[in-house]
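Read the structure below first, then the notes.
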Amino acid sequence: MTTAALTACTAPGTGGGTGGDDAGTDRLVLADAYEPELFNPVAGHGETGYSRVYDGLVRLAGGSAGIPELEPSLATELPRGNADATEWTVPLRAGVTFSDGTTFDAEDVVATYAAVLDPASASPIAGNYAMVDSVEAVDPQTVVFRLAYPYVPFPSKLLLGIAPAEALATPGPAEASPLNTAPIGTGPYVLAERQGDQTVFRANAGHWDGAPEVEELVVVYVPDDNTRAQRMASGEFDGTTLPPLLADTLADDEGLTVVGHPSADWRGVALPAGDPVTGDPAVRLALNAAVDRDAIVSSVLGGHGEAASTFVPAVFGEFTEPSAVFTHDPDAARRLLDEAGWVPGPDGVRVRDGQRAEFTVMYFPEDTLRRDLAQAFASDALAVGVEVDLEAVDRPQFRPRIPVDGSLLGGGDVPYDPDTQLYAALHSSFTADGVGGPFDNPSDYRNPTVDAALDRARRSTDQAERVADYREVQRQLVADPPAVVLVFLEHVYVMKDDGWTGTEPVLEPHSHGVSWGPWWNLRDWRRDG
């Protein structure tokens, strides 16, 4: 992995980017590939700890490429769990105010979590907090979370931004809340303007942890990769996110640095269980043996990533099963297909009982990296006699086709524990006739051994037992794979070198863009000298 060292590296400076000539303003202009999101924590904004306008009870601590450590934010110390991890007490910071001037206290915490869990909110993240049975304000500066079952990684659920109780007082769909476009938070920045393709944040002068020294942040939405690269090279932006090979074309440009952050963000091909080709266990195993993951990391990612066989990256340490790896072996793939009755046809594509070994893999048309990964997968599959038809499909049409067609997907939404990395991706309760959305368990995977291990590990308070169960899950995944997991991405950014220090590495989740990268801890940046 070719991750640039970040600690104490330089970053964009005063007056950089579009309209950056305002005297006395320390301003950054960043270009993002992703549309501006809604700013309502109940709708999922900032769940993984990246919000600029909200604080959670805890926040991410940087400096490590492993599973991130947490540190207190609106809490005065990390939450304390009882012996069986079913009750968590959180002491709260006093003297904190929201951006509208109202005072933060325990009632705001209760209201935020209650709104997430209220069916009237239709919160897309409600399932992620299913372990929460009740939240009680013991006094203005103390909250107690009571859980329906033991849950050791619960502190990571406290990254969620806290909104004022007054803004959540009227039940209703989260997607209709005024907070979506007019957020009220305690965070280091406030939303100053949102117009067209441009979002402007300004430093919160009254932030409890001190006002950020970067006084203004402008984020410009530029969806086309090549356009962002050209505008970055011309000096229009202070930073952007780019596909790795495109980013590397700017590596030698004076005044620019290419930066890589490790992630638990995987890319792979989901294989629908109901399809006569992709639902065949022999085909699934053969495709996993056919793919040359190391070559994909080199050729498609330019070295900015790691080969992946399961959904658990090596940075998960003792939770990672070292034996759960597929070896690139096209001859073994051909033998598996031969033994399963898939014989080569006249054109080299295999056939069994009149069924051609052919299926479709969809990818998002705007995502050139997914396109390139899909092409590499299709090439390796054809080499063993399986034909993959690639199709660019817009997101609204993509979702309903996931149970029917293969899809180039990503995951690792909340990678702060193996439970959040694996449960919704694999548990049979998230199949098509269960809970969750179309991107949860997209292959309709049903493996009783995996279900049992995931359930035991989720509720266990014994670290050794949890490690053993998660390793068993990974062994099952290479014996009975639901997908062809290809790579873990290194998220790649380009930044202008100009007079700031304080950047630190952090393990990033599936979500990316300029909310992450060198700018995830913008609150801590300081002027060099």
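Letters for chains follow the order of the structure tokens (A, B, ...), residue numbers begin at 1 for each chain, and ligand numbers begin at 1 in the order shown.
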
Write out as a ChimeraX atom specification all residues of stretch 260-360 of chain A that DSSP puts in strand (DSSP E) for this structure's backbone. /A:260-270,305-307,343-344,350-352,355-356,358-360

Let's have the selection written as a CSV table (one decimal), in the first residue's frame, with C-alpha atoms.
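As written to disk, selection_23.csv reads:
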chain,number,residue,atom,x,y,z
A,260,GLY,CA,-3.7,7.9,0.5
A,261,HIS,CA,-5.8,6.9,3.5
A,262,PRO,CA,-6.3,3.2,4.4
A,263,SER,CA,-9.9,2.1,4.5
A,264,ALA,CA,-12.2,-0.8,5.4
A,265,ASP,CA,-14.0,0.1,2.1
A,266,TRP,CA,-14.2,-3.1,0.0
A,267,ARG,CA,-15.2,-3.5,-3.6
A,268,GLY,CA,-16.6,-6.8,-4.9
A,269,VAL,CA,-19.1,-8.5,-7.2
A,270,ALA,CA,-22.3,-9.5,-5.5
A,305,GLY,CA,-5.2,-0.7,-2.0
A,306,GLU,CA,-4.9,-4.3,-0.9
A,307,ALA,CA,-6.2,-7.6,-2.3
A,343,VAL,CA,-18.4,-27.7,-20.2
A,344,PRO,CA,-16.9,-25.3,-22.8
A,350,ARG,CA,-19.3,-22.9,-20.7
A,351,VAL,CA,-22.7,-24.5,-20.8
A,352,ARG,CA,-24.6,-26.8,-18.5
A,355,GLN,CA,-27.7,-22.9,-19.6
A,356,ARG,CA,-25.0,-20.7,-20.8
A,358,GLU,CA,-23.3,-15.9,-18.7
A,359,PHE,CA,-24.6,-13.1,-16.4
A,360,THR,CA,-24.7,-9.4,-16.1

Which neighbours of stretch 467-484 of chain A fall inside 6 Å, counting only C-alpha atoms, when residues of the same chain fewer than 2 positions from it are skipped, and could you give them as number ranges by chain? A: 268-271, 288, 319, 321, 324, 443, 445, 450, 453, 457, 464-465

Save the residues we just selected, N, CA and C atoms, as a PDB file, in the first residue's frame?
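Okay, this is what ended up in again_10.pdb:
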ATOM      1  N   GLY A 268     -16.400  -5.407  -4.491  1.00  0.00           N
ATOM      2  CA  GLY A 268     -16.558  -6.787  -4.904  1.00  0.00           C
ATOM      3  C   GLY A 268     -17.784  -6.956  -5.777  1.00  0.00           C
ATOM      4  N   VAL A 269     -17.959  -8.155  -6.290  1.00  0.00           N
ATOM      5  CA  VAL A 269     -19.079  -8.478  -7.163  1.00  0.00           C
ATOM      6  C   VAL A 269     -20.072  -9.333  -6.394  1.00  0.00           C
ATOM      7  N   ALA A 270     -21.253  -8.778  -6.129  1.00  0.00           N
ATOM      8  CA  ALA A 270     -22.316  -9.547  -5.488  1.00  0.00           C
ATOM      9  C   ALA A 270     -22.927 -10.497  -6.509  1.00  0.00           C
ATOM     10  N   LEU A 271     -23.144 -11.747  -6.096  1.00  0.00           N
ATOM     11  CA  LEU A 271     -23.621 -12.790  -6.992  1.00  0.00           C
ATOM     12  C   LEU A 271     -24.993 -13.263  -6.511  1.00  0.00           C
ATOM     13  N   ASN A 288     -13.943 -16.945  -7.737  1.00  0.00           N
ATOM     14  CA  ASN A 288     -13.000 -16.460  -6.729  1.00  0.00           C
ATOM     15  C   ASN A 288     -11.586 -16.944  -7.009  1.00  0.00           C
ATOM     16  N   PHE A 319      -8.857 -10.052  14.822  1.00  0.00           N
ATOM     17  CA  PHE A 319     -10.131 -10.508  14.269  1.00  0.00           C
ATOM     18  C   PHE A 319      -9.976 -11.088  12.860  1.00  0.00           C
ATOM     19  N   GLU A 321      -8.775 -13.554   9.994  1.00  0.00           N
ATOM     20  CA  GLU A 321      -8.360 -14.945   9.837  1.00  0.00           C
ATOM     21  C   GLU A 321      -7.345 -15.032   8.695  1.00  0.00           C
ATOM     22  N   ALA A 324      -8.027 -17.265   5.528  1.00  0.00           N
ATOM     23  CA  ALA A 324      -9.211 -17.022   4.698  1.00  0.00           C
ATOM     24  C   ALA A 324      -8.837 -16.189   3.477  1.00  0.00           C
ATOM     25  N   SER A 443     -26.432 -10.565  -1.978  1.00  0.00           N
ATOM     26  CA  SER A 443     -26.417 -11.874  -2.640  1.00  0.00           C
ATOM     27  C   SER A 443     -27.482 -12.816  -2.100  1.00  0.00           C
ATOM     28  N   TYR A 445     -27.574 -14.186   0.844  1.00  0.00           N
ATOM     29  CA  TYR A 445     -26.742 -15.257   1.404  1.00  0.00           C
ATOM     30  C   TYR A 445     -27.399 -15.865   2.628  1.00  0.00           C
ATOM     31  N   VAL A 450     -22.696 -19.204   9.647  1.00  0.00           N
ATOM     32  CA  VAL A 450     -22.362 -17.779   9.701  1.00  0.00           C
ATOM     33  C   VAL A 450     -23.351 -17.037  10.582  1.00  0.00           C
ATOM     34  N   ALA A 453     -22.555 -17.726  14.269  1.00  0.00           N
ATOM     35  CA  ALA A 453     -21.323 -17.068  14.720  1.00  0.00           C
ATOM     36  C   ALA A 453     -21.530 -15.560  14.862  1.00  0.00           C
ATOM     37  N   ALA A 457     -21.172 -13.623  18.465  1.00  0.00           N
ATOM     38  CA  ALA A 457     -20.158 -12.578  18.606  1.00  0.00           C
ATOM     39  C   ALA A 457     -20.788 -11.232  18.936  1.00  0.00           C
ATOM     40  N   ALA A 464     -11.970 -13.170  23.454  1.00  0.00           N
ATOM     41  CA  ALA A 464     -11.481 -14.384  22.795  1.00  0.00           C
ATOM     42  C   ALA A 464     -12.601 -15.096  22.050  1.00  0.00           C
ATOM     43  N   GLU A 465     -13.787 -15.136  22.631  1.00  0.00           N
ATOM     44  CA  GLU A 465     -14.921 -15.753  21.953  1.00  0.00           C
ATOM     45  C   GLU A 465     -15.307 -14.972  20.709  1.00  0.00           C
TER      46      GLU A 465
END

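The shell of residues at most 10 Å from A:Trp519, with only C-alpha atoms counted and near chain neighbours (fewer than 5 positions) removed, consists of Ala11, Leu30, Tyr50, Gly239, Met495, Gly502, Thr503, Glu504, Gly513, Val514, Asp524 and Trp525 of chain A.
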
What's around A:Pro448 at 10 Å? Count only C-alpha atoms, leave out sequence neighbours fewer than 6 positions away in its own chain, and write the answer as a PyMOL selection string. chain A and resi 427-428+454

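For the set A:Ala290, A:Val414, A:Ala33, A:Leu147, the residue with the smallest atom-to-atom gap to A:Ala85 is A:Leu147, counting only C-alpha atoms.
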
12 Å contact set for A:Ser429, only C-alpha atoms, chain neighbours under 6 positions out, as a ChimeraX atom specification: /A:127,423,435-437,440-442,444-448,450-452,454-455

Which residues are close to stretch 54-59 of chain A, i.e. within 9 Å by only C-alpha atoms, leaving aside same-chain residues fewer than 4 positions away? Reply as a PyMOL selection string. chain A and resi 39+41+46-47+49-50+69-79+90+92+98+109+155-163+183-190

Those residues you just picked out, can you put them in a file as a short mmCIF file (atom, residue, chain, number, x, y, z; two decimals), in the first residue's frame with C-alpha atoms?
data_model
loop_
_atom_site.label_atom_id
_atom_site.label_comp_id
_atom_site.auth_asym_id
_atom_site.auth_seq_id
_atom_site.Cartn_x
_atom_site.Cartn_y
_atom_site.Cartn_z
CA PHE A 39 -27.45 17.59 7.25
CA PRO A 41 -28.29 13.17 11.86
CA GLY A 46 -22.33 12.00 10.14
CA GLU A 47 -23.10 8.58 11.59
CA GLY A 49 -18.11 10.66 12.87
CA TYR A 50 -17.26 12.99 9.98
CA GLU A 69 -9.72 4.89 18.79
CA LEU A 70 -12.46 7.07 20.23
CA GLU A 71 -12.14 10.09 22.49
CA PRO A 72 -14.73 12.13 24.40
CA SER A 73 -16.50 14.95 22.57
CA LEU A 74 -19.82 16.07 24.04
CA ALA A 75 -19.12 13.48 26.72
CA THR A 76 -16.53 14.36 29.34
CA GLU A 77 -15.14 10.83 29.30
CA LEU A 78 -15.63 7.64 27.34
CA PRO A 79 -18.86 5.81 28.22
CA VAL A 90 -22.29 8.86 29.65
CA LEU A 92 -21.94 15.14 29.44
CA PHE A 98 -25.87 24.89 19.76
CA VAL A 109 -29.22 13.32 23.50
CA PRO A 155 -19.30 3.35 22.18
CA SER A 156 -18.94 3.56 18.39
CA LYS A 157 -22.71 4.16 18.22
CA LEU A 158 -22.12 7.44 20.05
CA LEU A 159 -20.40 9.09 17.08
CA LEU A 160 -23.85 10.19 15.89
CA GLY A 161 -24.27 13.96 15.91
CA ILE A 162 -26.60 15.45 18.51
CA ALA A 163 -29.36 17.86 17.45
CA PRO A 183 -28.64 22.20 10.58
CA ILE A 184 -28.40 23.21 14.23
CA GLY A 185 -25.39 21.59 15.85
CA THR A 186 -22.59 22.13 18.33
CA GLY A 187 -19.86 21.30 15.82
CA PRO A 188 -16.69 23.21 14.90
CA TYR A 189 -18.37 24.69 11.79
CA VAL A 190 -21.75 26.14 10.91
#

d(atom CA of A:Glu490, atom CA of A:Ser299) in Å: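 According to the coordinates, atom CA of A:Glu490 and atom CA of A:Ser299 are separated by 14.0 Å.
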
In stretch 52-271 of chain A, what's helix (DSSP H, G or I) per DSSP? Answer as a ChimeraX atom specification? /A:106-117,119-121,126-129,154-159,165-168,174-176,178-180,225-233,244-248

Output the selection as a compact mmCIF listing (two decimals), in the first residue's frame - N, CA and C atoms for each residue.
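Ended up saving to out_25.txt:
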# COMPACT_ATOMS: atom_id res chain seq x y z
N ALA A 106 -28.74 16.79 28.48
CA ALA A 106 -29.08 15.38 28.30
C ALA A 106 -30.35 15.19 27.48
N GLU A 107 -31.30 16.12 27.58
CA GLU A 107 -32.55 15.97 26.84
C GLU A 107 -32.31 15.96 25.33
N ASP A 108 -31.29 16.66 24.88
CA ASP A 108 -30.99 16.68 23.45
C ASP A 108 -30.48 15.31 22.98
N VAL A 109 -29.71 14.65 23.83
CA VAL A 109 -29.22 13.32 23.50
C VAL A 109 -30.39 12.35 23.42
N VAL A 110 -31.26 12.40 24.42
CA VAL A 110 -32.43 11.52 24.42
C VAL A 110 -33.28 11.76 23.18
N ALA A 111 -33.51 13.02 22.84
CA ALA A 111 -34.36 13.34 21.70
C ALA A 111 -33.76 12.86 20.38
N THR A 112 -32.44 12.98 20.24
CA THR A 112 -31.80 12.56 18.99
C THR A 112 -31.93 11.06 18.78
N TYR A 113 -31.60 10.28 19.79
CA TYR A 113 -31.67 8.83 19.64
C TYR A 113 -33.12 8.35 19.55
N ALA A 114 -34.02 9.01 20.28
CA ALA A 114 -35.44 8.65 20.20
C ALA A 114 -35.98 8.90 18.80
N ALA A 115 -35.54 9.98 18.18
CA ALA A 115 -36.00 10.29 16.82
C ALA A 115 -35.49 9.25 15.82
N VAL A 116 -34.25 8.81 15.99
CA VAL A 116 -33.71 7.77 15.09
C VAL A 116 -34.56 6.51 15.19
N LEU A 117 -34.95 6.14 16.40
CA LEU A 117 -35.67 4.89 16.62
C LEU A 117 -37.17 5.01 16.41
N PRO A 119 -40.47 5.05 14.57
CA PRO A 119 -40.89 4.65 13.22
C PRO A 119 -41.40 5.81 12.38
N ALA A 120 -41.92 6.85 13.03
CA ALA A 120 -42.44 8.00 12.29
C ALA A 120 -41.33 8.73 11.53
N SER A 121 -40.09 8.58 12.00
CA SER A 121 -38.96 9.24 11.33
C SER A 121 -38.55 8.52 10.05
N ALA A 126 -32.02 3.50 11.45
CA ALA A 126 -32.64 2.98 12.67
C ALA A 126 -32.17 1.58 13.00
N GLY A 127 -32.00 0.73 11.98
CA GLY A 127 -31.56 -0.64 12.23
C GLY A 127 -30.19 -0.73 12.85
N ASN A 128 -29.36 0.29 12.66
CA ASN A 128 -28.02 0.29 13.22
C ASN A 128 -28.03 0.53 14.73
N TYR A 129 -29.17 0.93 15.26
CA TYR A 129 -29.30 1.20 16.70
C TYR A 129 -30.34 0.30 17.34
N PHE A 154 -20.57 -0.79 21.69
CA PHE A 154 -21.56 0.29 21.73
C PHE A 154 -20.97 1.70 21.67
N PRO A 155 -19.81 1.97 22.26
CA PRO A 155 -19.30 3.35 22.18
C PRO A 155 -19.21 3.91 20.76
N SER A 156 -19.00 3.05 19.76
CA SER A 156 -18.94 3.56 18.39
C SER A 156 -20.29 4.07 17.91
N LYS A 157 -21.37 3.68 18.57
CA LYS A 157 -22.71 4.16 18.22
C LYS A 157 -22.94 5.59 18.72
N LEU A 158 -21.98 6.10 19.48
CA LEU A 158 -22.12 7.44 20.05
C LEU A 158 -21.39 8.49 19.22
N LEU A 159 -20.96 8.11 18.02
CA LEU A 159 -20.40 9.09 17.08
C LEU A 159 -21.50 9.95 16.44
N ALA A 165 -33.25 19.18 21.07
CA ALA A 165 -34.55 18.55 21.26
C ALA A 165 -35.67 19.35 20.62
N GLU A 166 -35.54 20.68 20.65
CA GLU A 166 -36.60 21.53 20.10
C GLU A 166 -36.78 21.28 18.59
N ALA A 167 -35.69 20.99 17.90
CA ALA A 167 -35.77 20.76 16.46
C ALA A 167 -36.33 19.39 16.12
N LEU A 168 -36.43 18.51 17.13
CA LEU A 168 -36.91 17.15 16.93
C LEU A 168 -38.25 16.90 17.61
N ALA A 174 -37.76 11.81 8.58
CA ALA A 174 -36.47 12.49 8.65
C ALA A 174 -36.16 13.23 7.37
N GLU A 175 -36.59 12.70 6.24
CA GLU A 175 -36.29 13.33 4.96
C GLU A 175 -36.99 14.68 4.79
N ALA A 176 -37.99 14.97 5.64
CA ALA A 176 -38.72 16.24 5.55
C ALA A 176 -38.31 17.24 6.62
N PRO A 178 -36.48 20.19 8.69
CA PRO A 178 -35.72 21.40 8.36
C PRO A 178 -34.22 21.25 8.60
N LEU A 179 -33.83 20.30 9.47
CA LEU A 179 -32.41 20.09 9.74
C LEU A 179 -31.64 19.64 8.50
N ASN A 180 -32.34 19.11 7.52
CA ASN A 180 -31.66 18.63 6.32
C ASN A 180 -30.91 19.74 5.61
N ASP A 225 -14.58 13.07 -12.94
CA ASP A 225 -13.23 12.87 -12.42
C ASP A 225 -12.19 13.69 -13.18
N ASN A 226 -12.25 13.65 -14.50
CA ASN A 226 -11.25 14.35 -15.29
C ASN A 226 -11.35 15.87 -15.12
N THR A 227 -12.56 16.38 -14.99
CA THR A 227 -12.74 17.81 -14.77
C THR A 227 -12.14 18.23 -13.44
N ARG A 228 -12.36 17.43 -12.39
CA ARG A 228 -11.78 17.76 -11.09
C ARG A 228 -10.26 17.76 -11.17
N ALA A 229 -9.71 16.77 -11.86
CA ALA A 229 -8.25 16.69 -11.98
C ALA A 229 -7.70 17.90 -12.71
N GLN A 230 -8.35 18.30 -13.80
CA GLN A 230 -7.87 19.45 -14.57
C GLN A 230 -7.95 20.74 -13.76
N ARG A 231 -9.04 20.91 -13.05
CA ARG A 231 -9.21 22.13 -12.25
C ARG A 231 -8.28 22.14 -11.04
N MET A 232 -8.00 20.95 -10.52
CA MET A 232 -7.03 20.86 -9.43
C MET A 232 -5.64 21.23 -9.93
N ALA A 233 -5.26 20.72 -11.09
CA ALA A 233 -3.94 21.00 -11.65
C ALA A 233 -3.77 22.48 -11.99
N PRO A 244 -7.40 6.49 -8.12
CA PRO A 244 -5.96 6.43 -7.85
C PRO A 244 -5.07 6.67 -9.06
N LEU A 245 -5.38 6.06 -10.19
CA LEU A 245 -4.50 6.24 -11.35
C LEU A 245 -4.53 7.68 -11.85
N LEU A 246 -5.69 8.31 -11.78
CA LEU A 246 -5.80 9.71 -12.20
C LEU A 246 -5.08 10.61 -11.21
N ALA A 247 -5.20 10.33 -9.94
CA ALA A 247 -4.48 11.12 -8.92
C ALA A 247 -2.98 11.05 -9.15
N ASP A 248 -2.49 9.87 -9.49
CA ASP A 248 -1.05 9.70 -9.67
C ASP A 248 -0.49 10.51 -10.83

How far is it from atom CA of A:Val494 to atom CA of A:Val29, in Å with one decimal?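 About the pair atom CA of A:Val494 and atom CA of A:Val29: they are 12.5 Å apart.
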